[in-house]
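For reference, query_20.pdb (PDB, C-alpha atoms):
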```
ATOM      1  CA  MET A   4     130.117  76.559  97.311
ATOM      2  CA  ALA A   5     130.819  78.263 100.607
ATOM      3  CA  GLU A   6     130.703  76.186 103.745
ATOM      4  CA  THR A   7     127.194  76.172 105.180
ATOM      5  CA  SER A   8     126.814  77.843 108.541
ATOM      6  CA  ALA A   9     124.065  77.223 111.072
ATOM      7  CA  SER A  10     121.085  79.551 110.810
ATOM      8  CA  ARG A  11     120.542  82.056 113.630
ATOM      9  CA  PRO A  12     117.014  82.661 114.967
ATOM     10  CA  ALA A  13     115.798  86.118 113.950
ATOM     11  CA  SER A  14     112.612  88.157 113.708
ATOM     12  CA  THR A  15     111.309  91.089 111.722
ATOM     13  CA  ILE A  16     108.125  93.165 111.850
ATOM     14  CA  LEU A  17     106.167  94.697 109.011
ATOM     15  CA  LEU A  18     104.712  97.719 110.828
ATOM     16  CA  LEU A  19     101.592  98.824 108.986
ATOM     17  CA  ARG A  20      99.431 101.917 108.788
ATOM     18  CA  ASP A  21      96.705 103.105 106.436
ATOM     19  CA  GLY A  22      98.182 105.705 104.099
ATOM     20  CA  ALA A  23      96.603 108.934 102.913
ATOM     21  CA  ALA A  24      96.469 107.701  99.308
ATOM     22  CA  ARG A  25      94.219 104.756 100.226
ATOM     23  CA  GLU A  26      97.164 102.411 100.147
ATOM     24  CA  ILE A  27      98.588 100.456 103.006
ATOM     25  CA  GLU A  28     102.022 101.681 104.137
ATOM     26  CA  VAL A  29     104.868  99.821 105.830
ATOM     27  CA  PHE A  30     107.789 101.175 107.852
ATOM     28  CA  MET A  31     111.166 100.419 106.234
ATOM     29  CA  MET A  32     114.777 101.408 106.836
ATOM     30  CA  VAL A  33     117.974 101.607 104.819
ATOM     31  CA  ARG A  34     120.684  99.428 106.332
ATOM     32  CA  HIS A  35     123.992 101.188 107.009
ATOM     33  CA  HIS A  36     126.553 100.577 104.260
ATOM     34  CA  GLN A  37     129.062  99.305 106.817
ATOM     35  CA  ILE A  38     126.714  96.629 108.161
ATOM     36  CA  GLU A  39     127.950  93.198 107.126
ATOM     37  CA  PHE A  40     124.561  91.706 106.237
ATOM     38  CA  ASN A  41     122.311  93.388 103.638
ATOM     39  CA  SER A  42     124.301  96.635 103.690
ATOM     40  CA  GLY A  43     122.481  99.456 101.916
ATOM     41  CA  ALA A  44     119.284  97.434 101.585
ATOM     42  CA  LEU A  45     115.771  98.678 102.284
ATOM     43  CA  VAL A  46     114.458  96.335 104.974
ATOM     44  CA  PHE A  47     111.915  95.939 107.739
ATOM     45  CA  PRO A  48     113.162  96.450 111.317
ATOM     46  CA  GLY A  49     114.416  93.249 112.918
ATOM     47  CA  GLY A  50     117.388  91.160 113.941
ATOM     48  CA  SER A  51     118.622  88.140 115.838
ATOM     49  CA  VAL A  52     117.051  86.608 118.928
ATOM     50  CA  ASP A  53     119.565  87.125 121.738
ATOM     51  CA  ALA A  54     120.171  85.857 125.263
ATOM     52  CA  GLY A  55     118.400  88.865 126.758
ATOM     53  CA  ASP A  56     115.217  87.974 124.875
ATOM     54  CA  LYS A  57     115.294  84.503 126.417
ATOM     55  CA  GLU A  58     115.667  86.073 129.868
ATOM     56  CA  ILE A  59     112.475  88.032 129.223
ATOM     57  CA  VAL A  60     110.697  84.821 128.162
ATOM     58  CA  ALA A  61     111.317  83.540 131.706
ATOM     59  CA  ARG A  62     109.665  86.680 133.145
ATOM     60  CA  ALA A  63     105.997  86.240 132.284
ATOM     61  CA  ASP A  64     105.190  89.481 134.128
ATOM     62  CA  LEU A  65     107.020  91.409 131.400
ATOM     63  CA  TYR A  66     104.735  90.459 128.514
ATOM     64  CA  SER A  67     101.101  89.793 127.758
ATOM     65  CA  GLY A  68      99.316  87.943 124.991
ATOM     66  CA  GLY A  69     101.669  84.968 125.128
ATOM     67  CA  GLU A  70      99.022  82.417 126.049
ATOM     68  CA  GLY A  71      99.398  79.228 124.056
ATOM     69  CA  LEU A  72     102.812  80.190 122.685
ATOM     70  CA  SER A  73     105.909  78.075 123.205
ATOM     71  CA  GLU A  74     109.029  79.566 124.784
ATOM     72  CA  SER A  75     110.582  79.656 121.306
ATOM     73  CA  ASP A  76     107.552  81.475 119.847
ATOM     74  CA  CYS A  77     107.660  84.012 122.677
ATOM     75  CA  GLY A  78     111.372  84.531 122.073
ATOM     76  CA  PHE A  79     110.840  85.321 118.390
ATOM     77  CA  ARG A  80     108.129  87.858 119.238
ATOM     78  CA  ILE A  81     110.091  89.485 122.052
ATOM     79  CA  ALA A  82     113.118  89.840 119.780
ATOM     80  CA  ALA A  83     110.924  91.352 117.070
ATOM     81  CA  ILE A  84     109.543  94.004 119.437
ATOM     82  CA  ARG A  85     112.960  94.752 120.952
ATOM     83  CA  GLU A  86     114.699  95.096 117.594
ATOM     84  CA  THR A  87     111.890  97.302 116.315
ATOM     85  CA  PHE A  88     112.242  99.565 119.355
ATOM     86  CA  GLU A  89     116.034  99.695 118.968
ATOM     87  CA  GLU A  90     115.865 100.482 115.265
ATOM     88  CA  SER A  91     112.755 102.665 115.019
ATOM     89  CA  GLY A  92     111.783 103.807 118.525
ATOM     90  CA  ILE A  93     108.314 102.282 118.034
ATOM     91  CA  LEU A  94     107.300 100.256 121.090
ATOM     92  CA  LEU A  95     104.553  97.625 121.118
ATOM     93  CA  ALA A  96     103.847  97.519 124.842
ATOM     94  CA  ARG A  97     101.187  98.000 127.500
ATOM     95  CA  SER A  98     101.118  99.471 130.955
ATOM     96  CA  LYS A  99     101.438  96.634 133.452
ATOM     97  CA  GLU A 100      99.195  98.575 135.825
ATOM     98  CA  THR A 101      96.294  99.352 133.494
ATOM     99  CA  GLY A 102      96.757  96.950 130.576
ATOM    100  CA  ALA A 103      96.304  99.863 128.183
ATOM    101  CA  PRO A 104      98.665 100.314 125.212
ATOM    102  CA  ILE A 105     101.251 103.008 125.884
ATOM    103  CA  ASP A 106     100.671 106.161 123.884
ATOM    104  CA  ALA A 107     103.074 107.887 121.516
ATOM    105  CA  ARG A 108     104.260 110.399 124.118
ATOM    106  CA  ARG A 109     105.113 107.683 126.642
ATOM    107  CA  ALA A 110     106.856 105.602 123.991
ATOM    108  CA  GLY A 111     108.821 108.659 122.909
ATOM    109  CA  ASP A 112     109.887 109.454 126.457
ATOM    110  CA  ILE A 113     111.108 105.888 126.967
ATOM    111  CA  ALA A 114     112.958 105.946 123.649
ATOM    112  CA  ASP A 115     114.581 109.295 124.463
ATOM    113  CA  ALA A 116     115.689 108.036 127.868
ATOM    114  CA  HIS A 117     116.914 104.556 126.985
ATOM    115  CA  ARG A 118     117.216 103.820 123.254
ATOM    116  CA  VAL A 119     120.828 104.959 122.812
ATOM    117  CA  ALA A 120     121.959 103.122 125.950
ATOM    118  CA  LEU A 121     120.130  99.997 124.796
ATOM    119  CA  ASN A 122     121.819 100.113 121.397
ATOM    120  CA  GLU A 123     125.177 100.564 123.118
ATOM    121  CA  HIS A 124     124.460  97.588 125.423
ATOM    122  CA  LYS A 125     124.625  99.809 128.511
ATOM    123  CA  ILE A 126     121.154  98.785 129.652
ATOM    124  CA  SER A 127     119.057  95.682 129.043
ATOM    125  CA  PHE A 128     115.617  95.631 127.467
ATOM    126  CA  LEU A 129     114.458  93.619 130.490
ATOM    127  CA  ASP A 130     115.448  96.444 132.834
ATOM    128  CA  ILE A 131     113.721  99.049 130.645
ATOM    129  CA  LEU A 132     110.484  97.070 130.804
ATOM    130  CA  ALA A 133     110.703  96.370 134.543
ATOM    131  CA  ASP A 134     111.705  99.917 135.502
ATOM    132  CA  ASN A 135     108.899 101.471 133.460
ATOM    133  CA  GLY A 136     106.121  99.079 134.416
ATOM    134  CA  LEU A 137     105.682  97.738 130.895
ATOM    135  CA  GLN A 138     104.518  94.506 129.328
ATOM    136  CA  LEU A 139     105.348  93.666 125.719
ATOM    137  CA  ALA A 140     102.179  93.203 123.648
ATOM    138  CA  LEU A 141     102.986  89.861 122.026
ATOM    139  CA  ASP A 142      99.449  89.412 120.721
ATOM    140  CA  THR A 143      99.745  92.469 118.475
ATOM    141  CA  LEU A 144     102.083  90.437 116.227
ATOM    142  CA  VAL A 145     100.544  88.171 113.591
ATOM    143  CA  PRO A 146     102.828  85.549 111.975
ATOM    144  CA  TYR A 147     103.190  86.274 108.266
ATOM    145  CA  ALA A 148     106.104  84.259 106.898
ATOM    146  CA  HIS A 149     109.017  82.036 107.866
ATOM    147  CA  TRP A 150     112.188  82.181 105.763
ATOM    148  CA  ILE A 151     115.531  80.435 106.208
ATOM    149  CA  THR A 152     118.618  81.667 104.325
ATOM    150  CA  PRO A 153     119.710  79.218 101.588
ATOM    151  CA  GLU A 154     122.365  76.663 102.395
ATOM    152  CA  GLY A 155     125.823  77.651 101.224
ATOM    153  CA  MET A 156     125.511  81.273 102.304
ATOM    154  CA  PRO A 157     128.157  82.446 104.804
ATOM    155  CA  LYS A 158     125.601  84.150 107.069
ATOM    156  CA  ARG A 159     122.274  82.417 107.570
ATOM    157  CA  PHE A 160     119.122  83.350 109.484
ATOM    158  CA  ASP A 161     115.990  81.471 110.502
ATOM    159  CA  THR A 162     113.593  84.413 110.374
ATOM    160  CA  TRP A 163     109.974  84.860 111.349
ATOM    161  CA  PHE A 164     108.154  87.776 109.715
ATOM    162  CA  PHE A 165     105.282  89.319 111.682
ATOM    163  CA  LEU A 166     102.637  91.885 110.778
ATOM    164  CA  ALA A 167     101.593  94.521 113.312
ATOM    165  CA  ALA A 168      99.514  97.664 113.178
ATOM    166  CA  ALA A 169     101.724 100.598 114.103
ATOM    167  CA  PRO A 170     100.520 102.208 117.343
ATOM    168  CA  PRO A 171      98.696 105.504 116.694
ATOM    169  CA  ASP A 172     101.054 108.461 116.257
ATOM    170  CA  GLN A 173     104.202 106.389 116.792
ATOM    171  CA  LEU A 174     105.889 107.460 113.567
ATOM    172  CA  GLY A 175     109.296 105.826 113.983
ATOM    173  CA  ALA A 176     112.779 107.111 113.226
ATOM    174  CA  HIS A 177     115.951 105.284 112.198
ATOM    175  CA  ASP A 178     118.736 104.970 114.759
ATOM    176  CA  GLY A 179     121.557 106.440 112.636
ATOM    177  CA  ARG A 180     123.723 103.443 113.527
ATOM    178  CA  GLU A 181     122.492 100.255 111.873
ATOM    179  CA  SER A 182     120.158 102.236 109.631
ATOM    180  CA  THR A 183     120.715 105.551 107.873
ATOM    181  CA  ASP A 184     117.234 106.408 106.619
ATOM    182  CA  SER A 185     113.643 105.390 107.222
ATOM    183  CA  ILE A 186     110.391 105.822 105.345
ATOM    184  CA  TRP A 187     106.737 104.912 105.395
ATOM    185  CA  VAL A 188     106.153 103.509 101.939
ATOM    186  CA  SER A 189     103.420 101.598 100.147
ATOM    187  CA  PRO A 190     104.427  98.047  99.215
ATOM    188  CA  ARG A 191     103.717  98.923  95.589
ATOM    189  CA  GLU A 192     106.095 101.887  95.636
ATOM    190  CA  ALA A 193     108.798  99.878  97.408
ATOM    191  CA  VAL A 194     108.615  97.080  94.831
ATOM    192  CA  GLU A 195     108.668  99.575  91.969
ATOM    193  CA  GLY A 196     111.709 101.201  93.599
ATOM    194  CA  GLY A 197     113.444  97.841  93.720
ATOM    195  CA  GLU A 198     112.753  97.301  90.022
ATOM    196  CA  SER A 199     113.972 100.772  89.046
ATOM    197  CA  GLY A 200     117.106 100.652  91.183
ATOM    198  CA  ARG A 201     115.923 103.337  93.596
ATOM    199  CA  PHE A 202     115.959 100.729  96.367
ATOM    200  CA  LYS A 203     118.039  97.645  97.022
ATOM    201  CA  LEU A 204     115.600  94.964  98.152
ATOM    202  CA  PRO A 205     116.546  91.500  99.442
ATOM    203  CA  PHE A 206     114.597  88.710  97.742
ATOM    204  CA  PRO A 207     112.436  87.755 100.780
ATOM    205  CA  THR A 208     111.615  91.433 101.334
ATOM    206  CA  THR A 209     110.439  91.795  97.730
ATOM    207  CA  ARG A 210     108.266  88.684  97.852
ATOM    208  CA  ASN A 211     106.600  89.745 101.099
ATOM    209  CA  LEU A 212     106.013  93.275  99.795
ATOM    210  CA  ILE A 213     104.359  91.902  96.659
ATOM    211  CA  ARG A 214     102.083  89.728  98.787
ATOM    212  CA  LEU A 215     101.291  92.604 101.155
ATOM    213  CA  ALA A 216     100.465  94.953  98.259
ATOM    214  CA  LYS A 217      97.355  92.877  97.512
ATOM    215  CA  GLN A 218      95.753  94.050 100.764
ATOM    216  CA  PRO A 219      93.778  97.321 100.679
ATOM    217  CA  ASN A 220      94.234  98.302 104.323
ATOM    218  CA  VAL A 221      95.735  97.298 107.654
ATOM    219  CA  SER A 222      92.624  95.514 108.893
ATOM    220  CA  ALA A 223      92.441  93.363 105.756
ATOM    221  CA  ALA A 224      96.161  92.584 105.898
ATOM    222  CA  LEU A 225      95.966  91.404 109.501
ATOM    223  CA  GLU A 226      92.852  89.335 108.807
ATOM    224  CA  HIS A 227      94.560  87.733 105.802
ATOM    225  CA  ALA A 228      97.647  86.937 107.884
ATOM    226  CA  ARG A 229      95.569  85.319 110.639
ATOM    227  CA  GLY A 230      94.158  82.924 108.051
ATOM    228  CA  LEU A 231      97.510  81.917 106.585
ATOM    229  CA  SER A 232      99.024  78.480 106.961
ATOM    230  CA  ILE A 233     102.710  79.411 107.228
ATOM    231  CA  VAL A 234     104.969  77.322 104.957
ATOM    232  CA  THR A 235     108.684  77.546 105.735
ATOM    233  CA  VAL A 236     110.698  78.890 102.804
ATOM    234  CA  MET A 237     114.350  77.964 102.363
ATOM    235  CA  PRO A 238     115.194  78.889  98.775
ATOM    236  CA  VAL A 239     117.278  76.481  96.761
ATOM    237  CA  MET A 240     119.798  78.530  94.817
ATOM    238  CA  THR A 241     121.407  77.632  91.499
ATOM    239  CA  LYS A 242     123.641  79.738  89.276
ATOM    240  CA  THR A 243     122.537  80.547  85.737
ATOM    241  CA  GLU A 244     124.112  82.407  82.835
ATOM    242  CA  THR A 245     122.238  85.582  83.783
ATOM    243  CA  GLY A 246     122.643  85.442  87.557
ATOM    244  CA  ARG A 247     121.002  83.140  90.030
ATOM    245  CA  GLN A 248     117.783  81.198  90.202
ATOM    246  CA  LEU A 249     115.848  80.618  93.410
ATOM    247  CA  ARG A 250     113.289  77.873  93.865
ATOM    248  CA  ILE A 251     110.790  78.147  96.717
ATOM    249  CA  PRO A 252     107.733  76.060  97.655
ATOM    250  CA  HIS A 253     104.734  77.024  95.531
ATOM    251  CA  GLU A 254     102.427  76.410  98.493
ATOM    252  CA  ALA A 255     104.180  79.191 100.427
ATOM    253  CA  GLY A 256     101.909  81.613  98.590
ATOM    254  CA  TYR A 257     104.302  83.846  96.653
ATOM    255  CA  ASP A 258     102.752  83.467  93.189
ATOM    256  CA  GLY A 259     105.444  81.240  91.830
ATOM    257  CA  GLU A 260     108.088  78.620  92.427
ATOM    258  CA  VAL A 261     111.132  79.625  90.355
ATOM    259  CA  PHE A 262     112.497  83.161  90.333
ATOM    260  CA  GLU A 263     115.357  84.645  88.364
ATOM    261  CA  VAL A 264     117.405  87.021  90.504
ATOM    262  CA  GLY A 265     120.732  88.808  90.396
ATOM    263  CA  ALA A 266     123.071  88.804  93.356
ATOM    264  CA  VAL A 267     121.420  87.422  96.468
ATOM    265  CA  GLY A 268     121.840  89.568  99.603
TER     266      GLY A 268
END
```

The structure given in the file should be rewritten as structure tokens.
Amino acid sequence: MAETSASRPASTILLLRDGAAREIEVFMMVRHHQIEFNSGALVFPGGSVDAGDKEIVARADLYSGGEGLSESDCGFRIAAIRETFEESGILLARSKETGAPIDARRAGDIADAHRVALNEHKISFLDILADNGLQLALDTLVPYAHWITPEGMPKRFDTWFFLAAAPPDQLGAHDGRESTDSIWVSPREAVEGGESGRFKLPFPTTRNLIRLAKQPNVSAALEHARGLSIVTVMPVMTKTETGRQLRIPHEAGYDGEVFEVGAVG
């Protein structure tokens, strides 16, 4: 077994909208094939909590909706919003002056002006927020799941999954760097694509899509998430003759405890 590494704090957002076919849709991206972790996989936008996110935590004027949250909780949410903006251009933020959510045109202008520089580490997310009079809308994120990469894996993450309604008319677009394609897809279609080989889906992504597919619309999904008691999932992995077997807590709410899988991404 590989030497176990410490898990890095990370966040991801399941951005939701009501689809035309009366199915909920979620924004997903294909990871670049040269990315070390989950290369080529269809995933939700997200990534590691970084030092810049913690600097924003210390600037309470740069976010709203953080009442009652710990510094760690705020950091996970800030990272989730930042990574989503970097990877999709969708920005969950409000005007500091009016408190109103920024509209699609304003979000697009900010993305056009700063997204490339942010991805190239030429500007900080903190400066983008301060210079544009923005506050991150932390209360638009609803905790949905908490997964930790199994022990023995060379790269491990301690990841919070959040649900959020996509802001009206913010359609999102992949960055062409870490991701090479992006789609709005129903959870059902994404899971079917994983089964058929059309998509490469990491195990946690599949389980959360299956759970999300039970919800008929965005409002119901958010209401369901608000009522969840989040159980941390750190799969226990064992090798079998046919591949690998993952055991997760039954009380985590994923319709099972033991799952047969192939290679684990």

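Here the PyMOL selection byres ((chain A and resi 17) around 10) catches exactly these residues: Thr15, Ile16, Leu18, Leu19, Arg20, Glu28, Val29, Phe30, Met31, Val46, Phe47, Pro48, Gly49, Ala83, Thr87, Leu144, Val145, Tyr147, Phe164, Phe165, Leu166, Ala167, Ala168, Ala169, Thr208, Asn211, Leu212 and Leu215 of chain A.
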
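Here atom CA of Asn135 of chain A is placed at a distance of 13.5 Å from atom CA of Asp106 of chain A.
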
| request: Apply the PyMOL selection byres ((chain A and resi 158-161) around 10) to the file shown and report the selected residues as a list in words. | output: Thr7, Ser8, Ala9, Ser10, Arg11, Pro12, Ala13, Ser14, Glu39, Phe40, Gly50, Ser51, Val52, His149, Trp150, Ile151, Thr152, Pro153, Glu154, Gly155, Met156, Pro157, Thr162, Trp163, Thr235, Val236, Met237 and Gly268 of chain A

List the residues matched by the PyMOL selection byres ((chain A and resi 22) around 10) in the displayed structure as an mmCIF file with C-alpha atoms, in the coordinates of the input, ordered by chain and then by residue number.
```cif
data_model
loop_
_atom_site.group_PDB
_atom_site.id
_atom_site.type_symbol
_atom_site.label_atom_id
_atom_site.label_comp_id
_atom_site.auth_asym_id
_atom_site.auth_seq_id
_atom_site.Cartn_x
_atom_site.Cartn_y
_atom_site.Cartn_z
ATOM 1 C CA LEU A 19 101.592 98.824 108.986
ATOM 2 C CA ARG A 20 99.431 101.917 108.788
ATOM 3 C CA ASP A 21 96.705 103.105 106.436
ATOM 4 C CA ALA A 23 96.603 108.934 102.913
ATOM 5 C CA ALA A 24 96.469 107.701 99.308
ATOM 6 C CA ARG A 25 94.219 104.756 100.226
ATOM 7 C CA GLU A 26 97.164 102.411 100.147
ATOM 8 C CA ILE A 27 98.588 100.456 103.006
ATOM 9 C CA GLU A 28 102.022 101.681 104.137
ATOM 10 C CA VAL A 29 104.868 99.821 105.830
ATOM 11 C CA TRP A 187 106.737 104.912 105.395
ATOM 12 C CA VAL A 188 106.153 103.509 101.939
ATOM 13 C CA SER A 189 103.420 101.598 100.147
ATOM 14 C CA ASN A 220 94.234 98.302 104.323
ATOM 15 C CA VAL A 221 95.735 97.298 107.654
#
```

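The spacing separating atom CA of Gln248 of chain A from atom CA of Thr209 of chain A amounts to 14.9 Å.
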
At most 10 Å is the cut-off: for each residue in segment 18-137 of chain A with any atom that close to an atom of segment 197-202 of chain A, write down the nearest atom pair and the distance in Å rounded to one decimal, counting all atoms listed in the file, chain first then increasing number, as a tab-separated table.
```
residue	atom	partner	partner_atom	distance
A:Val33	CA	A:Phe202	CA	8.7
A:Gly43	CA	A:Phe202	CA	8.7
A:Ala44	CA	A:Phe202	CA	7.0
A:Leu45	CA	A:Phe202	CA	6.3
A:Val46	CA	A:Phe202	CA	9.8
```

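Picture a line from atom CA of Phe79 of chain A to atom CA of Gly111 of chain A; it runs 23.9 Å.
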
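Take the candidates A:Ala110, A:Ala140, A:Leu121, A:Met32 and check each one against Leu65 of chain A using all atoms listed in the file; the shortest distance goes to A:Ala140.
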